[in-house]
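> CSV, C-alpha atoms and all ligand atoms, file input_26.csv:
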chain,number,residue,atom,x,y,z
A,259,MET,CA,92.7,123.7,93.0
A,260,ASN,CA,95.7,121.5,92.7
A,261,SER,CA,95.6,118.7,90.2
A,262,LEU,CA,96.1,115.0,91.0
A,263,GLN,CA,97.5,114.4,87.5
A,264,GLY,CA,100.7,112.3,87.9
A,265,LYS,CA,100.6,112.6,91.7
A,266,SER,CA,101.2,109.5,93.9
A,267,VAL,CA,98.3,108.5,96.1
A,268,LEU,CA,98.5,105.7,98.6
A,269,VAL,CA,95.3,104.4,100.0
A,270,VAL,CA,95.8,102.1,103.0
A,271,GLY,CA,92.6,100.0,103.1
A,272,GLY,CA,92.2,100.6,99.4
A,273,SER,CA,91.2,97.1,98.4
A,274,SER,CA,87.5,97.4,99.4
A,275,GLY,CA,84.6,99.7,100.2
A,276,ILE,CA,85.3,103.3,100.9
A,277,GLY,CA,89.1,103.0,100.3
A,278,LEU,CA,88.5,101.5,96.9
A,279,GLY,CA,86.0,104.3,96.1
A,280,ILE,CA,88.7,106.8,97.0
A,281,ALA,CA,91.3,105.0,94.9
A,282,GLN,CA,88.9,104.9,91.9
A,283,VAL,CA,88.2,108.6,92.1
A,284,ALA,CA,91.9,109.4,92.4
A,285,ALA,CA,92.8,107.1,89.5
A,286,GLY,CA,90.1,108.8,87.4
A,287,GLU,CA,91.8,112.2,88.1
A,288,GLY,CA,95.1,110.9,86.7
A,289,ALA,CA,96.8,110.0,89.9
A,290,GLN,CA,99.4,107.1,90.3
A,291,VAL,CA,97.4,105.1,92.8
A,292,THR,CA,98.7,102.4,95.1
A,293,ILE,CA,96.3,100.5,97.3
A,294,ALA,CA,97.5,98.5,100.3
A,295,SER,CA,95.8,96.0,102.6
A,296,ARG,CA,96.3,92.6,104.1
A,297,SER,CA,94.6,90.3,101.5
A,298,GLN,CA,96.2,89.6,98.2
A,299,ARG,CA,92.8,88.3,96.9
A,300,LYS,CA,91.0,91.6,97.7
A,301,LEU,CA,93.9,93.6,96.3
A,302,ASP,CA,93.8,91.7,93.0
A,303,ALA,CA,90.1,92.2,92.6
A,304,ALA,CA,90.3,95.9,93.4
A,305,LEU,CA,93.3,96.5,91.1
A,306,ALA,CA,91.3,95.2,88.2
A,307,THR,CA,89.0,98.2,88.6
A,308,LEU,CA,91.8,100.8,88.8
A,309,GLY,CA,93.4,101.0,85.4
A,310,ALA,CA,96.9,99.9,84.2
A,311,SER,CA,99.0,102.4,86.2
A,312,ALA,CA,97.7,101.4,89.6
A,313,LYS,CA,99.7,99.2,92.0
A,314,ALA,CA,98.9,97.1,95.0
A,315,SER,CA,101.0,96.1,98.1
A,316,VAL,CA,100.2,93.6,100.7
A,317,LEU,CA,100.5,95.4,104.0
A,318,ASP,CA,99.1,94.7,107.5
A,319,ALA,CA,99.0,98.2,108.9
A,320,GLY,CA,98.3,96.7,112.3
A,321,LYS,CA,101.9,95.6,112.5
A,322,ASP,CA,104.7,98.1,113.4
A,323,ALA,CA,107.4,96.2,111.5
A,324,GLU,CA,105.4,95.9,108.3
A,325,VAL,CA,104.5,99.6,108.3
A,326,ASP,CA,108.1,100.6,109.1
A,327,ALA,CA,109.4,98.4,106.3
A,328,PHE,CA,106.8,99.6,103.8
A,329,PHE,CA,107.7,103.3,104.3
A,330,GLY,CA,111.4,102.6,105.0
A,331,ASP,CA,112.3,102.9,101.3
A,332,GLY,CA,112.4,106.7,101.7
A,333,ARG,CA,109.8,107.3,99.0
A,334,LYS,CA,107.8,110.5,99.4
A,335,TRP,CA,104.1,110.2,98.7
A,336,ASP,CA,102.0,113.1,97.5
A,337,HIS,CA,98.9,112.0,99.2
A,338,VAL,CA,98.3,109.3,101.8
A,339,VAL,CA,94.8,108.1,102.9
A,340,THR,CA,93.8,105.7,105.6
A,341,SER,CA,90.4,103.9,105.4
A,342,ALA,CA,90.5,100.7,107.5
A,343,GLY,CA,89.3,99.1,110.6
A,344,MET,CA,86.0,98.5,112.3
A,345,GLY,CA,84.4,96.9,115.3
A,346,GLY,CA,83.8,97.7,118.9
A,347,ARG,CA,80.0,97.6,119.0
A,348,GLY,CA,78.4,96.5,122.3
A,349,ALA,CA,77.2,98.1,125.5
A,350,LEU,CA,78.7,98.2,128.9
A,351,PRO,CA,78.9,96.4,131.2
A,352,SER,CA,79.2,93.3,128.9
A,353,ILE,CA,81.8,94.4,126.3
A,354,GLU,CA,85.0,92.6,126.9
A,355,MET,CA,88.4,94.4,127.2
A,356,LYS,CA,89.8,92.4,124.4
A,357,THR,CA,87.0,93.7,122.1
A,358,ALA,CA,87.7,97.2,123.3
A,359,TYR,CA,91.5,96.9,122.6
A,360,ALA,CA,90.8,95.3,119.2
A,361,ALA,CA,88.6,98.2,118.1
A,362,MET,CA,91.3,100.8,118.9
A,363,ASP,CA,94.0,98.6,117.4
A,364,ALA,CA,92.1,98.1,114.2
A,365,LYS,CA,91.4,101.7,113.5
A,366,PHE,CA,93.1,104.3,115.7
A,367,TRP,CA,96.5,102.6,116.0
A,368,VAL,CA,96.5,101.7,112.3
A,369,TYR,CA,96.0,105.3,111.4
A,370,PHE,CA,98.5,106.6,114.0
A,371,ARG,CA,101.1,104.0,112.8
A,372,VAL,CA,100.7,105.0,109.1
A,373,ALA,CA,100.8,108.7,110.0
A,374,ARG,CA,104.0,108.2,112.0
A,375,ALA,CA,105.8,106.3,109.3
A,376,ALA,CA,104.6,107.8,106.1
A,377,LYS,CA,106.8,110.3,104.3
A,378,ILE,CA,104.7,112.9,102.6
A,379,ALA,CA,106.0,115.5,100.1
A,380,GLU,CA,105.6,119.2,100.9
A,381,GLY,CA,102.3,120.3,99.5
A,382,GLY,CA,100.9,116.8,100.0
A,383,THR,CA,98.2,115.6,102.3
A,384,LEU,CA,97.2,113.0,104.8
A,385,THR,CA,93.5,112.1,105.0
A,386,PHE,CA,91.8,109.9,107.6
A,387,VAL,CA,88.4,108.3,107.2
A,388,SER,CA,86.6,108.4,110.5
A,389,GLY,CA,82.8,107.9,110.9
A,390,SER,CA,79.7,109.9,111.8
A,391,LEU,CA,79.5,108.2,115.2
A,392,GLY,CA,82.6,110.2,116.1
A,393,THR,CA,80.4,113.2,116.8
A,394,LYS,CA,77.2,111.6,117.9
A,395,ALA,CA,75.9,109.0,120.4
A,396,ALA,CA,74.1,105.8,119.6
A,397,PHE,CA,73.1,102.9,121.8
A,398,GLY,CA,75.8,100.2,122.0
A,399,SER,CA,78.3,102.4,120.1
A,400,ALA,CA,80.2,104.3,122.7
A,401,LEU,CA,83.5,102.5,121.8
A,402,VAL,CA,82.9,103.1,118.0
A,403,SER,CA,82.2,106.7,118.8
A,404,ALA,CA,85.4,107.0,120.9
A,405,THR,CA,87.5,105.4,118.3
A,406,ASN,CA,86.3,107.7,115.6
A,407,ALA,CA,86.5,110.8,117.8
A,408,ALA,CA,90.1,109.8,118.6
A,409,VAL,CA,90.9,109.7,114.9
A,410,GLU,CA,89.4,113.1,114.4
A,411,ALA,CA,91.4,114.6,117.3
A,412,LEU,CA,94.5,113.0,115.9
A,413,GLY,CA,93.9,114.6,112.5
A,414,ARG,CA,93.4,118.1,114.0
A,415,GLY,CA,96.6,117.8,116.0
A,416,LEU,CA,98.6,116.4,113.1
A,417,ALA,CA,97.5,119.3,110.9
A,418,LEU,CA,99.7,121.5,113.2
A,419,ASP,CA,102.6,119.0,113.7
A,420,LEU,CA,102.9,118.0,110.1
A,421,ALA,CA,102.4,121.4,108.4
A,422,PRO,CA,102.8,122.3,105.7
A,423,VAL,CA,101.5,118.8,104.9
A,424,ARG,CA,97.7,119.3,105.1
A,425,VAL,CA,95.8,116.8,107.3
A,426,ASN,CA,92.0,116.4,107.1
A,427,VAL,CA,89.4,113.8,108.2
A,428,ILE,CA,86.4,112.7,106.2
A,429,SER,CA,83.5,111.4,108.4
A,430,PRO,CA,81.1,109.2,106.4
A,431,GLY,CA,77.6,108.3,107.4
A,432,VAL,CA,76.2,104.9,106.3
A,433,VAL,CA,77.9,103.8,103.1
A,434,ASP,CA,77.1,100.7,101.0
A,435,THR,CA,80.3,98.6,101.4
A,436,PRO,CA,81.2,95.0,102.3
A,437,LEU,CA,81.5,96.2,105.9
A,438,TRP,CA,77.7,95.6,106.1
A,439,ASN,CA,78.0,92.0,104.9
A,440,GLN,CA,78.0,91.1,108.6
A,441,PHE,CA,74.2,91.5,108.2
A,442,SER,CA,72.1,89.1,106.2
A,443,GLU,CA,71.2,90.4,102.8
A,444,GLU,CA,67.6,90.9,103.9
A,445,ARG,CA,68.5,92.8,107.0
A,446,ARG,CA,71.0,94.9,105.1
A,447,LYS,CA,68.4,95.9,102.5
A,448,GLU,CA,65.9,96.8,105.1
A,449,PHE,CA,68.5,98.8,107.1
A,450,PHE,CA,69.6,100.7,104.0
A,451,ALA,CA,66.0,101.4,103.0
A,452,THR,CA,64.9,102.7,106.4
A,453,THR,CA,68.1,104.7,106.8
A,454,SER,CA,67.6,106.3,103.3
A,455,GLN,CA,64.1,107.3,104.2
A,456,LYS,CA,65.2,109.1,107.3
A,457,LEU,CA,68.1,111.0,105.7
A,458,PRO,CA,67.7,114.5,104.1
A,459,ALA,CA,69.6,113.2,101.1
A,460,ARG,CA,67.1,110.3,100.9
A,461,ARG,CA,69.9,107.8,100.1
A,462,ILE,CA,72.8,106.1,101.7
A,463,GLY,CA,76.3,106.8,100.6
A,464,GLN,CA,78.3,105.1,97.9
A,465,PRO,CA,82.1,104.7,98.2
A,466,ARG,CA,82.7,107.2,95.5
A,467,ASP,CA,80.7,109.8,97.4
A,468,ILE,CA,83.5,109.6,100.0
A,469,GLY,CA,86.1,109.4,97.3
A,470,HIS,CA,85.0,112.8,96.0
A,471,ALA,CA,85.2,114.3,99.5
A,472,VAL,CA,88.8,113.0,99.8
A,473,LEU,CA,89.6,114.4,96.4
A,474,PHE,CA,88.5,117.8,97.7
A,475,ALA,CA,90.7,117.4,100.7
A,476,MET,CA,93.7,116.4,98.5
A,477,THR,CA,93.3,119.2,96.0
A,478,ASN,CA,92.1,122.3,98.0
A,479,PRO,CA,95.4,124.0,99.1
A,480,PHE,CA,93.6,126.0,101.8
A,481,LEU,CA,91.9,123.1,103.6
A,482,THR,CA,93.6,121.6,106.7
A,483,GLY,CA,92.7,120.5,110.2
A,484,GLN,CA,89.1,119.9,109.3
A,485,VAL,CA,86.6,117.1,109.9
A,486,ILE,CA,84.1,117.0,107.0
A,487,GLN,CA,80.9,115.2,107.4
A,488,VAL,CA,79.7,113.3,104.3
A,489,ASP,CA,76.6,111.7,105.8
A,490,GLY,CA,73.5,112.4,103.8
A,491,GLY,CA,72.5,114.9,106.4
A,492,SER,CA,72.4,112.5,109.4
A,493,GLY,CA,74.3,115.0,111.5
A,494,ILE,CA,71.4,117.5,111.5
A,495,LEU,CA,68.9,114.8,112.6
A,496,PRO,CA,69.1,114.6,116.4
A,497,GLY,CA,69.2,111.1,117.9
A,498,THR,CA,69.0,108.8,114.9
A,499,GLY,CA,72.2,107.0,115.7
A,500,HIS,CA,73.5,106.9,112.1
B,1,LIG,N1,80.7,101.6,105.5
B,1,LIG,C1,80.2,102.5,106.3
B,1,LIG,O1,78.9,102.6,106.4
B,1,LIG,C2,81.1,103.3,107.1
B,1,LIG,C3,80.5,104.4,107.8
B,1,LIG,C4,81.3,105.2,108.6
B,1,LIG,C5,82.7,105.0,108.7
B,1,LIG,N2,83.2,103.9,108.0
B,1,LIG,C6,84.7,103.7,108.1
B,1,LIG,O2,85.3,103.6,106.9
B,1,LIG,C7,86.4,102.8,106.9
B,1,LIG,C8,86.4,101.8,105.8
B,1,LIG,O3,85.2,101.0,105.9
B,1,LIG,P1,84.5,100.2,104.7
B,1,LIG,O4,83.1,100.3,104.9
B,1,LIG,O5,85.1,100.7,103.4
B,1,LIG,O6,85.0,98.7,105.0
B,1,LIG,P2,85.6,97.5,104.1
B,1,LIG,O7,84.9,97.5,102.8
B,1,LIG,O8,85.5,96.3,105.0
B,1,LIG,O9,87.1,98.0,103.8
B,1,LIG,C9,88.0,98.0,104.8
B,1,LIG,C10,89.4,98.0,104.1
B,1,LIG,O10,90.4,98.1,105.1
B,1,LIG,C11,91.4,97.1,104.9
B,1,LIG,N3,92.1,96.8,106.1
B,1,LIG,C12,91.5,96.4,107.3
B,1,LIG,N4,92.4,96.2,108.3
B,1,LIG,C13,93.6,96.5,107.7
B,1,LIG,C14,95.0,96.5,108.1
B,1,LIG,N5,95.3,96.1,109.4
B,1,LIG,N6,96.0,96.8,107.3
B,1,LIG,C15,95.7,97.2,106.0
B,1,LIG,N7,94.4,97.2,105.5
B,1,LIG,C16,93.4,96.9,106.3
B,1,LIG,C17,90.6,95.9,104.3
B,1,LIG,O11,91.4,95.1,103.5
B,1,LIG,P3,92.1,93.7,104.0
B,1,LIG,O12,91.0,92.9,104.7
B,1,LIG,O13,92.6,93.1,102.8
B,1,LIG,O14,93.2,94.1,105.0
B,1,LIG,C18,89.7,96.8,103.3
B,1,LIG,O15,90.4,97.1,102.2
B,1,LIG,C19,86.4,102.1,108.3
B,1,LIG,O16,87.3,102.9,109.2
B,1,LIG,C20,85.0,102.3,108.8
B,1,LIG,O17,84.8,102.4,110.2
B,1,LIG,C21,82.4,103.1,107.2
Starting from the coordinates I provided, produce the structure as structure tokens.
Ligand SMILES: NC(=O)c1ccc[n+]([C@@H]2O[C@H](COP(=O)([O-])OP(=O)(O)OC[C@H]3O[C@@H](n4cnc5c(N)ncnc54)[C@H](OP(=O)(O)O)[C@@H]3O)[C@@H](O)[C@H]2O)c1

Amino acid sequence: MNSLQGKSVLVVGGSSGIGLGIAQVAAGEGAQVTIASRSQRKLDAALATLGASAKASVLDAGKDAEVDAFFGDGRKWDHVVTSAGMGGRGALPSIEMKTAYAAMDAKFWVYFRVARAAKIAEGGTLTFVSGSLGTKAAFGSALVSATNAAVEALGRGLALDLAPVRVNVISPGVVDTPLWNQFSEERRKEFFATTSQKLPARRIGQPRDIGHAVLFAMTNPFLTGQVIQVDGGSGILPGTGH
């Protein structure tokens, strides 16, 4: 396995949730971690958990000019990770086109834009975070599924185009992150408890669980073009939806 000691790791979407878990695991392995996201407030709070050598950059990866400027300094990163974006729940025929466009904008186009602009050193990696709905169906989630499936297809294709940079996709199941704050605390607790009971792992995920999977993708020199499910076993349960 390759070491992360002294390697530069950029996590776009690293100020919260899964991205922060990835940044924490990488920092723990001795990497020089940079987190990037839109909110200075979230970045400041996240940075306080990452140790003295970590850095943060305000970046809206939804904007072409900001992403081009960020990567325009010619710096080569050893490892780049994208973990951002959400939305698009709702069932046809009621879902509006603006909601549909926004879902692809917030995730697929963010990942594509970063992949297009990032300069990655030979022997380095690009890792996308998708989501388990990319490979399964659930009521009201066709668009979420399509967005994540698009990310996974992009990762496979880029593993050829960007070689020898290795490109992989980590597909999480339900993970306890601020993304679920859209639910009331009571509903969230109930959802996590019922989901845990159904899963073979008997728990939901924590951000560092996904961080360790990304660490594997960054450090295993024979791994590329793969989609790795880190979902507590939900993928082997037919029809649960998560
Ligand atoms: N949590 C789960 O159960 C779960 C399950 C499967 C898949 N996922 C996927 O995992 C990814 C991360 O989700 P999460 O649960 O960690 O959510 P989260 O806690 O809300 O974190 C999302 C991160 O993305 C950043 N971000 C959003 N838009 C951005 C943009 N345009 N440019 C730069 N940064 C941006 C946010 O920071 P700012 O607001 O500061 O920009 C934040 O750091 C998402 O793609 C999600 O679909 C999550």
> Neighbouring residues of ligand LIG 1 (chain B) are defined here as those with any atom at most 6 Å from a ligand atom, counting all atoms listed in the file; list them as a PDB file with C-alpha atoms, in the coordinates of the input.

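Saved to selection28.pdb:
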ATOM      1  CA  VAL A 270      95.800 102.100 103.000  1.00  0.00           C
ATOM      2  CA  GLY A 271      92.600 100.000 103.100  1.00  0.00           C
ATOM      3  CA  GLY A 272      92.200 100.600  99.400  1.00  0.00           C
ATOM      4  CA  SER A 273      91.200  97.100  98.400  1.00  0.00           C
ATOM      5  CA  SER A 274      87.500  97.400  99.400  1.00  0.00           C
ATOM      6  CA  GLY A 275      84.600  99.700 100.200  1.00  0.00           C
ATOM      7  CA  ILE A 276      85.300 103.300 100.900  1.00  0.00           C
ATOM      8  CA  GLY A 277      89.100 103.000 100.300  1.00  0.00           C
ATOM      9  CA  SER A 295      95.800  96.000 102.600  1.00  0.00           C
ATOM     10  CA  ARG A 296      96.300  92.600 104.100  1.00  0.00           C
ATOM     11  CA  SER A 297      94.600  90.300 101.500  1.00  0.00           C
ATOM     12  CA  LYS A 300      91.000  91.600  97.700  1.00  0.00           C
ATOM     13  CA  LEU A 317     100.500  95.400 104.000  1.00  0.00           C
ATOM     14  CA  ASP A 318      99.100  94.700 107.500  1.00  0.00           C
ATOM     15  CA  ALA A 319      99.000  98.200 108.900  1.00  0.00           C
ATOM     16  CA  GLY A 320      98.300  96.700 112.300  1.00  0.00           C
ATOM     17  CA  SER A 341      90.400 103.900 105.400  1.00  0.00           C
ATOM     18  CA  ALA A 342      90.500 100.700 107.500  1.00  0.00           C
ATOM     19  CA  GLY A 343      89.300  99.100 110.600  1.00  0.00           C
ATOM     20  CA  MET A 344      86.000  98.500 112.300  1.00  0.00           C
ATOM     21  CA  VAL A 387      88.400 108.300 107.200  1.00  0.00           C
ATOM     22  CA  SER A 388      86.600 108.400 110.500  1.00  0.00           C
ATOM     23  CA  GLY A 389      82.800 107.900 110.900  1.00  0.00           C
ATOM     24  CA  SER A 390      79.700 109.900 111.800  1.00  0.00           C
ATOM     25  CA  PRO A 430      81.100 109.200 106.400  1.00  0.00           C
ATOM     26  CA  GLY A 431      77.600 108.300 107.400  1.00  0.00           C
ATOM     27  CA  VAL A 432      76.200 104.900 106.300  1.00  0.00           C
ATOM     28  CA  VAL A 433      77.900 103.800 103.100  1.00  0.00           C
ATOM     29  CA  ASP A 434      77.100 100.700 101.000  1.00  0.00           C
ATOM     30  CA  THR A 435      80.300  98.600 101.400  1.00  0.00           C
ATOM     31  CA  PRO A 436      81.200  95.000 102.300  1.00  0.00           C
ATOM     32  CA  LEU A 437      81.500  96.200 105.900  1.00  0.00           C
TER      33      LEU A 437
END
> Ranking A:Arg299, A:Trp335, A:Ala294, A:Asp467 by minimum distance to A:Ala375 and counting all atoms listed in the file, which one comes first?
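The closest residue to A:Ala375 is A:Trp335.
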> Kindly indicate which residue among A:Gly463, A:Gly264, A:Gly279, A:Gly346 lies nearest to A:Ser311, using all atoms listed in the file for the distances.
A:Gly264
> Choose the residue, out of A:Leu278, A:Ile353, A:Ala404, A:Val409, that has the smallest atom-to-atom separation from A:Pro465; count only C-alpha atoms.
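Closest to A:Pro465 of all the choices is A:Leu278.
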> Check the smallest atom-to-atom distance from each of A:Val488, A:Phe366, A:Ile462, A:Ala379 to A:Arg446 using all atoms listed in the file, then report the winner.
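With all atoms listed in the file as the atom set, the closest residue is A:Ile462.
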> Figure out the distance between atom CA of A:Leu495 and atom CA of A:Leu457, please, to one decimal in Å.
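If I compute the distance from atom CA of A:Leu457 to atom CA of A:Leu495, I get 7.9 Å.
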> For atom CA of A:Val291 and atom CA of A:Asn406, quote the distance in Å rounded to one decimal.
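Here the two named atoms are 25.5 Å from each other.
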> Can you tell me which residues surround A:Val427 at a distance of at most 6 Å, considering all atoms listed in the file, apart from same-chain residues fewer than 5 positions away, and format the answer as number ranges by chain?
A: 385-387, 485
> Between atom CA of A:Ser315 and atom CA of A:Ser266, what is the distance, to one decimal in Å?
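Between atom CA of A:Ser315 and atom CA of A:Ser266 the gap works out to 14.0 Å.
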> Rank A:Asp331, A:Asp326, A:Glu410, A:Glu380 by their smallest atom-to-atom distance to A:Lys365, using all atoms listed in the file, and report the top residue only.
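Distance minimum relative to A:Lys365 lands on A:Glu410.
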> Of the candidates A:Gln484, A:Ser492, A:Asn439, A:Ser403, which one gets nearest to A:Val472 if we count all atoms listed in the file?
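Checking each candidate against A:Val472, we get A:Gln484 as the closest.
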> Around (92.9, 114.9, 112.7) in the file's frame, which residues reach within 12 Å when counting only C-alpha atoms? Return as a PyMOL selection string?
chain A and resi 340+366+369-370+373+383-388+392+406-420+424-429+482-486
> Write out as a list in words the residues lying within 8 Å of A:Ala314, counting all atoms listed in the file and excluding same-chain residues fewer than 5 positions away.
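Everything that qualifies: Thr292, Ile293, Ala294, Leu301, Asp302 and Leu305 of chain A.
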